[in-house]
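Peer 1: Structure file my_file-v8.pdb, PDB, C-alpha atoms, pLDDT in the B column, is pasted below:
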```pdb
ATOM      1  CA  MET A1346     -19.083 -54.101 -34.174  1.00 50.00           C
ATOM      2  CA  LYS A1347     -15.794 -55.258 -32.672  1.00 54.00           C
ATOM      3  CA  GLU A1348     -17.718 -57.299 -30.079  1.00 57.00           C
ATOM      4  CA  TRP A1349     -19.417 -59.320 -32.844  1.00 54.00           C
ATOM      5  CA  PHE A1350     -16.090 -60.553 -34.206  1.00 53.00           C
ATOM      6  CA  SER A1351     -14.287 -61.102 -30.915  1.00 61.00           C
ATOM      7  CA  LEU A1352     -13.836 -64.615 -29.595  1.00 62.00           C
ATOM      8  CA  ARG A1353     -14.674 -63.573 -26.050  1.00 69.00           C
ATOM      9  CA  THR A1354     -17.159 -66.339 -25.320  1.00 76.00           C
ATOM     10  CA  VAL A1355     -16.742 -70.090 -25.427  1.00 76.00           C
ATOM     11  CA  ARG A1356     -19.782 -70.369 -27.686  1.00 78.00           C
ATOM     12  CA  LYS A1357     -18.201 -68.040 -30.260  1.00 80.00           C
ATOM     13  CA  LYS A1358     -14.942 -69.990 -30.077  1.00 79.00           C
ATOM     14  CA  MET A1359     -16.769 -73.248 -30.716  1.00 81.00           C
ATOM     15  CA  LEU A1360     -18.794 -71.767 -33.603  1.00 82.00           C
ATOM     16  CA  MET A1361     -15.643 -70.404 -35.192  1.00 83.00           C
ATOM     17  CA  LEU A1362     -13.875 -73.736 -34.716  1.00 83.00           C
ATOM     18  CA  SER A1363     -16.722 -75.686 -36.315  1.00 85.00           C
ATOM     19  CA  LYS A1364     -16.805 -73.303 -39.295  1.00 87.00           C
ATOM     20  CA  LEU A1365     -13.041 -73.527 -39.735  1.00 87.00           C
ATOM     21  CA  ALA A1366     -13.196 -77.318 -39.488  1.00 87.00           C
ATOM     22  CA  GLY A1367     -15.911 -77.422 -42.119  1.00 88.00           C
ATOM     23  CA  VAL A1368     -13.917 -75.190 -44.472  1.00 89.00           C
ATOM     24  CA  ALA A1369     -10.795 -77.283 -43.825  1.00 88.00           C
ATOM     25  CA  LEU A1370     -12.673 -80.499 -44.584  1.00 87.00           C
ATOM     26  CA  ILE A1371     -14.041 -79.139 -47.858  1.00 88.00           C
ATOM     27  CA  PHE A1372     -10.696 -77.637 -48.855  1.00 87.00           C
ATOM     28  CA  SER A1373      -8.813 -80.830 -48.009  1.00 86.00           C
ATOM     29  CA  TYR A1374     -11.283 -82.931 -49.998  1.00 85.00           C
ATOM     30  CA  VAL A1375     -10.935 -80.704 -53.044  1.00 86.00           C
ATOM     31  CA  LEU A1376      -7.139 -80.805 -52.753  1.00 86.00           C
ATOM     32  CA  SER A1377      -6.946 -84.548 -52.209  1.00 83.00           C
ATOM     33  CA  THR A1378      -9.203 -85.326 -55.176  1.00 83.00           C
ATOM     34  CA  GLY A1379      -7.165 -83.008 -57.418  1.00 84.00           C
ATOM     35  CA  LEU A1380      -3.878 -84.781 -56.672  1.00 83.00           C
ATOM     36  CA  PRO A1381      -2.347 -86.840 -59.500  1.00 88.00           C
ATOM     37  CA  VAL A1382      -2.757 -90.105 -57.507  1.00 87.00           C
ATOM     38  CA  SER A1383      -5.264 -92.926 -57.527  1.00 89.00           C
ATOM     39  CA  GLU A1384      -8.674 -92.488 -55.967  1.00 86.00           C
ATOM     40  CA  ASP A1385      -7.830 -94.813 -53.073  1.00 87.00           C
ATOM     41  CA  THR A1386      -4.624 -92.952 -52.280  1.00 89.00           C
ATOM     42  CA  SER A1387      -6.470 -89.643 -52.500  1.00 86.00           C
ATOM     43  CA  PHE A1388      -9.077 -90.947 -50.040  1.00 87.00           C
ATOM     44  CA  LEU A1389      -6.375 -92.134 -47.623  1.00 89.00           C
ATOM     45  CA  ILE A1390      -4.666 -88.726 -47.762  1.00 88.00           C
ATOM     46  CA  TRP A1391      -7.965 -87.015 -47.056  1.00 88.00           C
ATOM     47  CA  LEU A1392      -8.726 -89.490 -44.218  1.00 90.00           C
ATOM     48  CA  GLY A1393      -5.305 -88.723 -42.693  1.00 91.00           C
ATOM     49  CA  PHE A1394      -6.073 -85.014 -42.842  1.00 90.00           C
ATOM     50  CA  VAL A1395      -9.476 -85.612 -41.182  1.00 90.00           C
ATOM     51  CA  PHE A1396      -7.712 -87.587 -38.457  1.00 92.00           C
ATOM     52  CA  LEU A1397      -5.245 -84.727 -37.872  1.00 91.00           C
ATOM     53  CA  LEU A1398      -8.143 -82.255 -37.854  1.00 89.00           C
ATOM     54  CA  ILE A1399      -9.979 -84.294 -35.214  1.00 90.00           C
ATOM     55  CA  ILE A1400      -6.851 -84.396 -33.037  1.00 91.00           C
ATOM     56  CA  GLY A1401      -6.436 -80.633 -33.464  1.00 88.00           C
ATOM     57  CA  ILE A1402     -10.069 -80.007 -32.466  1.00 87.00           C
ATOM     58  CA  ASP A1403      -9.645 -82.258 -29.419  1.00 87.00           C
ATOM     59  CA  LEU A1404      -6.540 -80.345 -28.364  1.00 88.00           C
ATOM     60  CA  PHE A1405      -8.346 -77.049 -28.864  1.00 83.00           C
ATOM     61  CA  MET A1406     -11.349 -78.229 -26.838  1.00 83.00           C
ATOM     62  CA  GLY A1407      -9.046 -79.557 -24.150  1.00 81.00           C
ATOM     63  CA  ARG A1408      -7.279 -76.229 -23.946  1.00 81.00           C
ATOM     64  CA  PHE A1409     -10.307 -73.950 -23.989  1.00 79.00           C
ATOM     65  CA  ILE A1410     -13.049 -76.078 -22.440  1.00 83.00           C
ATOM     66  CA  THR A1411     -11.929 -79.160 -20.522  1.00 84.00           C
ATOM     67  CA  LYS A1412      -9.003 -77.593 -18.632  1.00 86.00           C
ATOM     68  CA  PRO A1413     -11.022 -74.605 -17.345  1.00 87.00           C
ATOM     69  CA  ILE A1414     -13.934 -76.858 -16.370  1.00 88.00           C
ATOM     70  CA  ASP A1415     -11.537 -79.128 -14.443  1.00 89.00           C
ATOM     71  CA  LYS A1416     -10.098 -76.107 -12.570  1.00 89.00           C
ATOM     72  CA  LEU A1417     -13.584 -74.791 -11.788  1.00 90.00           C
ATOM     73  CA  ASN A1418     -14.702 -78.226 -10.620  1.00 91.00           C
ATOM     74  CA  ALA A1419     -11.681 -78.611  -8.316  1.00 91.00           C
ATOM     75  CA  SER A1420     -12.298 -75.165  -6.818  1.00 91.00           C
ATOM     76  CA  ALA A1421     -16.004 -75.871  -6.357  1.00 90.00           C
ATOM     77  CA  LYS A1422     -15.220 -79.172  -4.595  1.00 92.00           C
ATOM     78  CA  ARG A1423     -12.809 -77.397  -2.208  1.00 90.00           C
ATOM     79  CA  MET A1424     -15.441 -74.774  -1.473  1.00 89.00           C
ATOM     80  CA  ALA A1425     -18.085 -77.462  -0.935  1.00 89.00           C
ATOM     81  CA  GLY A1426     -15.739 -78.906   1.700  1.00 89.00           C
ATOM     82  CA  LEU A1427     -15.650 -75.424   3.339  1.00 86.00           C
ATOM     83  CA  ASP A1428     -12.016 -74.894   2.325  1.00 87.00           C
ATOM     84  CA  PHE A1429     -11.873 -71.261   1.228  1.00 85.00           C
ATOM     85  CA  SER A1430      -8.115 -70.877   1.616  1.00 85.00           C
ATOM     86  CA  THR A1431      -7.297 -71.188  -2.086  1.00 86.00           C
ATOM     87  CA  PRO A1432      -9.282 -69.071  -4.531  1.00 87.00           C
ATOM     88  CA  CYS A1433     -10.187 -70.257  -7.993  1.00 87.00           C
ATOM     89  CA  ASN A1434      -7.181 -69.115 -10.030  1.00 85.00           C
ATOM     90  CA  LEU A1435      -8.685 -69.358 -13.502  1.00 83.00           C
ATOM     91  CA  VAL A1436      -7.935 -66.185 -15.435  1.00 83.00           C
ATOM     92  CA  SER A1437      -9.921 -65.847 -18.636  1.00 82.00           C
ATOM     93  CA  THR A1438     -12.049 -63.289 -20.435  1.00 81.00           C
ATOM     94  CA  ASP A1439     -14.842 -65.717 -21.304  1.00 82.00           C
ATOM     95  CA  GLU A1440     -17.672 -67.294 -19.316  1.00 85.00           C
ATOM     96  CA  PHE A1441     -15.226 -69.469 -17.398  1.00 86.00           C
ATOM     97  CA  GLY A1442     -13.391 -66.392 -16.140  1.00 87.00           C
ATOM     98  CA  GLU A1443     -16.686 -64.847 -15.044  1.00 89.00           C
ATOM     99  CA  LEU A1444     -17.665 -68.072 -13.283  1.00 89.00           C
ATOM    100  CA  SER A1445     -14.273 -68.173 -11.565  1.00 91.00           C
ATOM    101  CA  ALA A1446     -14.713 -64.602 -10.313  1.00 91.00           C
ATOM    102  CA  SER A1447     -18.224 -65.455  -9.110  1.00 91.00           C
ATOM    103  CA  LEU A1448     -16.935 -68.531  -7.255  1.00 91.00           C
ATOM    104  CA  ASN A1449     -14.251 -66.420  -5.563  1.00 91.00           C
ATOM    105  CA  THR A1450     -16.825 -63.801  -4.535  1.00 92.00           C
ATOM    106  CA  MET A1451     -19.122 -66.533  -3.216  1.00 92.00           C
ATOM    107  CA  ALA A1452     -16.224 -68.077  -1.263  1.00 91.00           C
ATOM    108  CA  GLU A1453     -15.380 -64.723   0.343  1.00 92.00           C
ATOM    109  CA  ASN A1454     -19.029 -64.117   1.256  1.00 92.00           C
ATOM    110  CA  LEU A1455     -19.390 -67.622   2.681  1.00 91.00           C
ATOM    111  CA  GLN A1456     -16.173 -67.231   4.667  1.00 91.00           C
ATOM    112  CA  GLN A1457     -17.425 -63.974   6.172  1.00 92.00           C
ATOM    113  CA  ALA A1458     -20.837 -65.520   6.911  1.00 93.00           C
ATOM    114  CA  LEU A1459     -19.175 -68.514   8.591  1.00 91.00           C
ATOM    115  CA  ALA A1460     -17.028 -66.198  10.703  1.00 92.00           C
ATOM    116  CA  ARG A1461     -20.138 -64.274  11.790  1.00 95.00           C
ATOM    117  CA  LEU A1462     -21.946 -67.538  12.564  1.00 95.00           C
ATOM    118  CA  GLU A1463     -19.002 -68.828  14.600  1.00 94.00           C
ATOM    119  CA  GLY A1464     -18.958 -65.566  16.569  1.00 95.00           C
ATOM    120  CA  ALA A1465     -22.699 -65.753  17.145  1.00 95.00           C
ATOM    121  CA  ASN A1466     -22.366 -69.405  18.162  1.00 95.00           C
ATOM    122  CA  THR A1467     -19.636 -68.557  20.675  1.00 95.00           C
ATOM    123  CA  GLN A1468     -21.786 -65.781  22.140  1.00 95.00           C
ATOM    124  CA  LEU A1469     -24.769 -68.132  22.270  1.00 95.00           C
ATOM    125  CA  GLU A1470     -22.708 -70.744  24.116  1.00 95.00           C
ATOM    126  CA  LYS A1471     -21.660 -68.095  26.654  1.00 95.00           C
ATOM    127  CA  ASP A1472     -25.276 -66.997  27.084  1.00 94.00           C
ATOM    128  CA  VAL A1473     -26.423 -70.601  27.547  1.00 95.00           C
ATOM    129  CA  GLU A1474     -23.712 -71.191  30.157  1.00 95.00           C
ATOM    130  CA  LYS A1475     -24.729 -67.999  31.976  1.00 94.00           C
ATOM    131  CA  GLU A1476     -28.386 -69.138  31.945  1.00 94.00           C
ATOM    132  CA  ARG A1477     -27.335 -72.571  33.199  1.00 94.00           C
ATOM    133  CA  LEU A1478     -25.490 -70.952  36.122  1.00 93.00           C
ATOM    134  CA  LEU A1479     -28.483 -68.730  36.881  1.00 92.00           C
ATOM    135  CA  LEU A1480     -30.781 -71.766  36.860  1.00 92.00           C
ATOM    136  CA  ALA A1481     -28.411 -73.613  39.220  1.00 91.00           C
ATOM    137  CA  GLU A1482     -28.383 -70.609  41.572  1.00 89.00           C
ATOM    138  CA  ARG A1483     -32.184 -70.376  41.454  1.00 89.00           C
ATOM    139  CA  LYS A1484     -32.515 -74.097  42.188  1.00 89.00           C
ATOM    140  CA  GLU A1485     -30.121 -73.735  45.113  1.00 87.00           C
ATOM    141  CA  LEU A1486     -32.125 -70.760  46.420  1.00 85.00           C
ATOM    142  CA  VAL A1487     -35.416 -72.648  46.082  1.00 83.00           C
ATOM    143  CA  ASP A1488     -33.909 -75.667  47.829  1.00 81.00           C
ATOM    144  CA  SER A1489     -32.638 -73.434  50.666  1.00 79.00           C
ATOM    145  CA  LEU A1490     -35.961 -71.663  51.026  1.00 75.00           C
ATOM    146  CA  SER A1491     -37.818 -74.957  50.932  1.00 73.00           C
ATOM    147  CA  HIS A1492     -35.551 -76.346  53.629  1.00 67.00           C
ATOM    148  CA  GLU A1493     -35.932 -73.198  55.733  1.00 67.00           C
ATOM    149  CA  MET A1494     -39.683 -73.329  55.370  1.00 67.00           C
ATOM    150  CA  LYS A1495     -39.819 -77.023  56.294  1.00 64.00           C
ATOM    151  CA  THR A1496     -37.574 -76.622  59.345  1.00 66.00           C
ATOM    152  CA  PRO A1497     -39.999 -74.540  61.506  1.00 66.00           C
ATOM    153  CA  PHE A1498     -42.845 -76.903  60.644  1.00 65.00           C
ATOM    154  CA  ALA A1499     -40.710 -79.898  61.514  1.00 67.00           C
ATOM    155  CA  LEU A1500     -39.709 -78.259  64.808  1.00 67.00           C
ATOM    156  CA  GLN A1501     -43.327 -77.507  65.611  1.00 70.00           C
ATOM    157  CA  LYS A1502     -44.335 -81.045  64.703  1.00 70.00           C
ATOM    158  CA  ASP A1503     -41.541 -82.499  66.892  1.00 70.00           C
ATOM    159  CA  THR A1504     -42.483 -80.130  69.707  1.00 75.00           C
ATOM    160  CA  PHE A1505     -46.123 -81.168  69.420  1.00 73.00           C
ATOM    161  CA  LYS A1506     -45.143 -84.864  69.481  1.00 76.00           C
ATOM    162  CA  ASN A1507     -42.875 -84.306  72.493  1.00 76.00           C
ATOM    163  CA  ARG A1508     -45.615 -82.448  74.399  1.00 76.00           C
ATOM    164  CA  ARG A1509     -48.160 -85.112  73.542  1.00 76.00           C
ATOM    165  CA  THR A1510     -45.769 -87.860  74.680  1.00 79.00           C
ATOM    166  CA  ALA A1511     -45.049 -85.940  77.891  1.00 75.00           C
ATOM    167  CA  ALA A1512     -48.765 -85.429  78.545  1.00 75.00           C
ATOM    168  CA  LEU A1513     -49.473 -89.141  78.025  1.00 74.00           C
ATOM    169  CA  LEU A1514     -46.663 -90.053  80.438  1.00 74.00           C
ATOM    170  CA  ARG A1515     -48.026 -87.638  83.031  1.00 73.00           C
ATOM    171  CA  LEU A1516     -51.440 -89.158  82.685  1.00 75.00           C
ATOM    172  CA  LYS A1517     -50.072 -92.647  83.187  1.00 75.00           C
ATOM    173  CA  THR A1518     -47.826 -91.696  86.072  1.00 77.00           C
ATOM    174  CA  GLY A1519     -50.007 -88.984  87.526  1.00 70.00           C
ATOM    175  CA  SER A1520     -47.200 -86.464  87.809  1.00 67.00           C
ATOM    176  CA  GLN A1521     -47.451 -82.724  87.338  1.00 65.00           C
ATOM    177  CA  PRO A1522     -45.824 -80.880  84.417  1.00 61.00           C
ATOM    178  CA  ARG A1523     -42.496 -79.183  85.114  1.00 62.00           C
ATOM    179  CA  PRO A1524     -42.278 -75.471  84.572  1.00 57.00           C
ATOM    180  CA  PRO A1525     -39.995 -74.507  81.676  1.00 56.00           C
ATOM    181  CA  VAL A1526     -36.571 -73.196  82.485  1.00 55.00           C
ATOM    182  CA  PHE A1527     -36.712 -70.435  79.913  1.00 52.00           C
ATOM    183  CA  SER A1528     -39.840 -68.700  78.814  1.00 51.00           C
ATOM    184  CA  CYS A1529     -38.849 -68.901  75.118  1.00 54.00           C
ATOM    185  CA  PHE A1530     -39.363 -72.703  75.105  1.00 52.00           C
ATOM    186  CA  ARG A1531     -43.048 -72.647  75.954  1.00 50.00           C
TER     187      ARG A1531
END
```
Once more with this new file: its structure as structure tokens, please.
Peer 2:
Amino acid sequence: MKEWFSLRTVRKKMLMLSKLAGVALIFSYVLSTGLPVSEDTSFLIWLGFVFLLIIGIDLFMGRFITKPIDKLNASAKRMAGLDFSTPCNLVSTDEFGELSASLNTMAENLQQALARLEGANTQLEKDVEKERLLLAERKELVDSLSHEMKTPFALQKDTFKNRRTAALLRLKTGSQPRPPVFSCFR
């Protein structure tokens, strides 16, 4: 029962304010028409009261609606810019207070998630660098092996060319082949 009459929510505050404003308007009209003044003066008094009532409602709305929304908006903009250093410092028991607490919880969760992502990114960069080094070592090994495999073929090809050139010279000159000095060069 107590919850029904509490002004815990913004909606209940606005409903109560509109009802009070309506009662104040009716009451002020009855009072202003009952004054021992002319009708025009009575209307001007009532119009002045309506003007003061409107200013009072604006101040009330500014205090309970506009100011909290501005604070929430500023906090949300900071968080959108990934600045989680300052929490939303709106303390209230209504929906704005709940939204502020939710924004702070979201900021903490996002900050933790960003920290985990940065750690994972750092590890991934290390792993990529390690793979890059392994690929460079593999390429170097393949290049070495390729060179080593080409070298005996090149030597054999050069040896074959040299023997063929020597044989052609012997044929032209009619000389006999010289015996090799070492048996490993045959």
Peer 1: For each of A:Ile1410, A:Leu1392, A:Ala1421, A:Ala1452, take the minimum atom-to-atom distance to Lys1358 of chain A, counting all atoms listed in the file, then give the residue where this is smallest.
Peer 2: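 Smallest separation from Lys1358 of chain A among the options: A:Ile1410.
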Peer 1: Could you list, as a list in words, every residue within 12 Å of Glu1453 of chain A, counting all atoms listed in the file and ignoring same-chain residues fewer than 2 positions away?
Peer 2: Met1424, Leu1427, Asp1428, Phe1429, Ser1430, Thr1431, Pro1432, Cys1433, Ala1446, Ser1447, Leu1448, Asn1449, Thr1450, Met1451, Leu1455, Gln1456, Gln1457, Ala1458, Leu1459 and Ala1460 of chain A
Peer 1: Can you tell me which residues surround Ile1402 of chain A at a distance of at most 9 Å, considering all atoms listed in the file, apart from same-chain residues fewer than 6 positions away, and format the answer as a ChimeraX atom specification?
Peer 2: /A:1362-1363,1366
Peer 1: Translate the PyMOL selection byres ((chain A and resi 1370) around 12), as applied to the file shown, into an explicit residue set as a list of chain:residue names.
Peer 2: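 Selection result, ordered by chain and number: A:Ser1363, A:Lys1364, A:Leu1365, A:Ala1366, A:Gly1367, A:Val1368, A:Ala1369, A:Ile1371, A:Phe1372, A:Ser1373, A:Tyr1374, A:Val1375, A:Leu1376, A:Ser1377, A:Ile1390, A:Trp1391, A:Leu1392, A:Gly1393, A:Phe1394, A:Val1395, A:Phe1396, A:Leu1397, A:Leu1398, A:Ile1399.
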Peer 1: What would the file be for segment 1438-1464 of chain A if you keep N, CA, C and O atoms and write it as a PDB file, in the first residue's frame?
Peer 2:
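What landed in selection-v8.pdb:
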```
ATOM      1  N   THR A1438      16.368   7.459  -6.563  1.00  0.00           N
ATOM      2  CA  THR A1438      15.632   6.216  -6.299  1.00  0.00           C
ATOM      3  C   THR A1438      14.617   5.912  -7.389  1.00  0.00           C
ATOM      4  O   THR A1438      13.900   4.935  -7.292  1.00  0.00           O
ATOM      5  N   ASP A1439      14.594   6.729  -8.450  1.00  0.00           N
ATOM      6  CA  ASP A1439      13.628   6.501  -9.517  1.00  0.00           C
ATOM      7  C   ASP A1439      14.286   5.810 -10.709  1.00  0.00           C
ATOM      8  O   ASP A1439      15.376   5.246 -10.590  1.00  0.00           O
ATOM      9  N   GLU A1440      13.615   5.866 -11.854  1.00  0.00           N
ATOM     10  CA  GLU A1440      14.125   5.194 -13.051  1.00  0.00           C
ATOM     11  C   GLU A1440      15.481   5.734 -13.481  1.00  0.00           C
ATOM     12  O   GLU A1440      16.315   4.988 -13.999  1.00  0.00           O
ATOM     13  N   PHE A1441      15.712   7.017 -13.257  1.00  0.00           N
ATOM     14  CA  PHE A1441      17.000   7.600 -13.629  1.00  0.00           C
ATOM     15  C   PHE A1441      18.139   7.016 -12.792  1.00  0.00           C
ATOM     16  O   PHE A1441      19.238   6.784 -13.297  1.00  0.00           O
ATOM     17  N   GLY A1442      17.887   6.768 -11.535  1.00  0.00           N
ATOM     18  CA  GLY A1442      18.894   6.130 -10.684  1.00  0.00           C
ATOM     19  C   GLY A1442      19.183   4.713 -11.143  1.00  0.00           C
ATOM     20  O   GLY A1442      20.337   4.269 -11.151  1.00  0.00           O
ATOM     21  N   GLU A1443      18.124   3.983 -11.526  1.00  0.00           N
ATOM     22  CA  GLU A1443      18.317   2.625 -12.033  1.00  0.00           C
ATOM     23  C   GLU A1443      19.104   2.645 -13.336  1.00  0.00           C
ATOM     24  O   GLU A1443      19.992   1.813 -13.556  1.00  0.00           O
ATOM     25  N   LEU A1444      18.775   3.587 -14.212  1.00  0.00           N
ATOM     26  CA  LEU A1444      19.500   3.707 -15.482  1.00  0.00           C
ATOM     27  C   LEU A1444      20.963   4.069 -15.243  1.00  0.00           C
ATOM     28  O   LEU A1444      21.861   3.541 -15.911  1.00  0.00           O
ATOM     29  N   SER A1445      21.212   4.931 -14.276  1.00  0.00           N
ATOM     30  CA  SER A1445      22.588   5.298 -13.932  1.00  0.00           C
ATOM     31  C   SER A1445      23.373   4.080 -13.450  1.00  0.00           C
ATOM     32  O   SER A1445      24.513   3.860 -13.873  1.00  0.00           O
ATOM     33  N   ALA A1446      22.750   3.291 -12.570  1.00  0.00           N
ATOM     34  CA  ALA A1446      23.418   2.072 -12.084  1.00  0.00           C
ATOM     35  C   ALA A1446      23.666   1.100 -13.230  1.00  0.00           C
ATOM     36  O   ALA A1446      24.736   0.472 -13.312  1.00  0.00           O
ATOM     37  N   SER A1447      22.710   0.985 -14.136  1.00  0.00           N
ATOM     38  CA  SER A1447      22.889   0.094 -15.296  1.00  0.00           C
ATOM     39  C   SER A1447      24.010   0.580 -16.204  1.00  0.00           C
ATOM     40  O   SER A1447      24.798  -0.231 -16.710  1.00  0.00           O
ATOM     41  N   LEU A1448      24.101   1.896 -16.408  1.00  0.00           N
ATOM     42  CA  LEU A1448      25.196   2.445 -17.225  1.00  0.00           C
ATOM     43  C   LEU A1448      26.551   2.169 -16.577  1.00  0.00           C
ATOM     44  O   LEU A1448      27.523   1.834 -17.266  1.00  0.00           O
ATOM     45  N   ASN A1449      26.629   2.309 -15.258  1.00  0.00           N
ATOM     46  CA  ASN A1449      27.887   2.038 -14.557  1.00  0.00           C
ATOM     47  C   ASN A1449      28.268   0.568 -14.665  1.00  0.00           C
ATOM     48  O   ASN A1449      29.438   0.232 -14.880  1.00  0.00           O
ATOM     49  N   THR A1450      27.286  -0.322 -14.527  1.00  0.00           N
ATOM     50  CA  THR A1450      27.558  -1.760 -14.669  1.00  0.00           C
ATOM     51  C   THR A1450      28.021  -2.071 -16.085  1.00  0.00           C
ATOM     52  O   THR A1450      28.981  -2.827 -16.293  1.00  0.00           O
ATOM     53  N   MET A1451      27.344  -1.481 -17.081  1.00  0.00           N
ATOM     54  CA  MET A1451      27.731  -1.693 -18.469  1.00  0.00           C
ATOM     55  C   MET A1451      29.149  -1.177 -18.717  1.00  0.00           C
ATOM     56  O   MET A1451      29.944  -1.829 -19.393  1.00  0.00           O
ATOM     57  N   ALA A1452      29.490  -0.024 -18.149  1.00  0.00           N
ATOM     58  CA  ALA A1452      30.831   0.535 -18.325  1.00  0.00           C
ATOM     59  C   ALA A1452      31.893  -0.388 -17.731  1.00  0.00           C
ATOM     60  O   ALA A1452      32.941  -0.607 -18.331  1.00  0.00           O
ATOM     61  N   GLU A1453      31.620  -0.927 -16.544  1.00  0.00           N
ATOM     62  CA  GLU A1453      32.572  -1.863 -15.924  1.00  0.00           C
ATOM     63  C   GLU A1453      32.736  -3.109 -16.780  1.00  0.00           C
ATOM     64  O   GLU A1453      33.865  -3.573 -17.007  1.00  0.00           O
ATOM     65  N   ASN A1454      31.629  -3.660 -17.265  1.00  0.00           N
ATOM     66  CA  ASN A1454      31.690  -4.860 -18.104  1.00  0.00           C
ATOM     67  C   ASN A1454      32.430  -4.592 -19.406  1.00  0.00           C
ATOM     68  O   ASN A1454      33.243  -5.413 -19.852  1.00  0.00           O
ATOM     69  N   LEU A1455      32.167  -3.430 -20.018  1.00  0.00           N
ATOM     70  CA  LEU A1455      32.865  -3.082 -21.251  1.00  0.00           C
ATOM     71  C   LEU A1455      34.357  -2.862 -21.003  1.00  0.00           C
ATOM     72  O   LEU A1455      35.183  -3.263 -21.820  1.00  0.00           O
ATOM     73  N   GLN A1456      34.687  -2.264 -19.873  1.00  0.00           N
ATOM     74  CA  GLN A1456      36.100  -2.040 -19.549  1.00  0.00           C
ATOM     75  C   GLN A1456      36.822  -3.375 -19.369  1.00  0.00           C
ATOM     76  O   GLN A1456      37.938  -3.553 -19.851  1.00  0.00           O
ATOM     77  N   GLN A1457      36.191  -4.312 -18.694  1.00  0.00           N
ATOM     78  CA  GLN A1457      36.788  -5.632 -18.519  1.00  0.00           C
ATOM     79  C   GLN A1457      36.908  -6.352 -19.860  1.00  0.00           C
ATOM     80  O   GLN A1457      37.936  -6.987 -20.151  1.00  0.00           O
ATOM     81  N   ALA A1458      35.862  -6.250 -20.696  1.00  0.00           N
ATOM     82  CA  ALA A1458      35.908  -6.899 -22.011  1.00  0.00           C
ATOM     83  C   ALA A1458      37.009  -6.295 -22.874  1.00  0.00           C
ATOM     84  O   ALA A1458      37.727  -7.021 -23.573  1.00  0.00           O
ATOM     85  N   LEU A1459      37.160  -4.962 -22.827  1.00  0.00           N
ATOM     86  CA  LEU A1459      38.229  -4.317 -23.590  1.00  0.00           C
ATOM     87  C   LEU A1459      39.605  -4.749 -23.106  1.00  0.00           C
ATOM     88  O   LEU A1459      40.524  -4.960 -23.910  1.00  0.00           O
ATOM     89  N   ALA A1460      39.754  -4.898 -21.799  1.00  0.00           N
ATOM     90  CA  ALA A1460      41.041  -5.343 -21.251  1.00  0.00           C
ATOM     91  C   ALA A1460      41.344  -6.767 -21.732  1.00  0.00           C
ATOM     92  O   ALA A1460      42.485  -7.068 -22.119  1.00  0.00           O
ATOM     93  N   ARG A1461      40.326  -7.627 -21.718  1.00  0.00           N
ATOM     94  CA  ARG A1461      40.533  -9.000 -22.213  1.00  0.00           C
ATOM     95  C   ARG A1461      40.870  -8.990 -23.706  1.00  0.00           C
ATOM     96  O   ARG A1461      41.753  -9.730 -24.159  1.00  0.00           O
ATOM     97  N   LEU A1462      40.188  -8.152 -24.475  1.00  0.00           N
ATOM     98  CA  LEU A1462      40.459  -8.070 -25.907  1.00  0.00           C
ATOM     99  C   LEU A1462      41.863  -7.539 -26.177  1.00  0.00           C
ATOM    100  O   LEU A1462      42.552  -8.027 -27.080  1.00  0.00           O
ATOM    101  N   GLU A1463      42.298  -6.551 -25.405  1.00  0.00           N
ATOM    102  CA  GLU A1463      43.649  -6.022 -25.581  1.00  0.00           C
ATOM    103  C   GLU A1463      44.687  -7.097 -25.257  1.00  0.00           C
ATOM    104  O   GLU A1463      45.699  -7.218 -25.947  1.00  0.00           O
ATOM    105  N   GLY A1464      44.434  -7.877 -24.206  1.00  0.00           N
ATOM    106  CA  GLY A1464      45.345  -8.972 -23.867  1.00  0.00           C
ATOM    107  C   GLY A1464      45.383 -10.020 -24.964  1.00  0.00           C
ATOM    108  O   GLY A1464      46.459 -10.504 -25.350  1.00  0.00           O
TER     109      GLY A1464
END
```
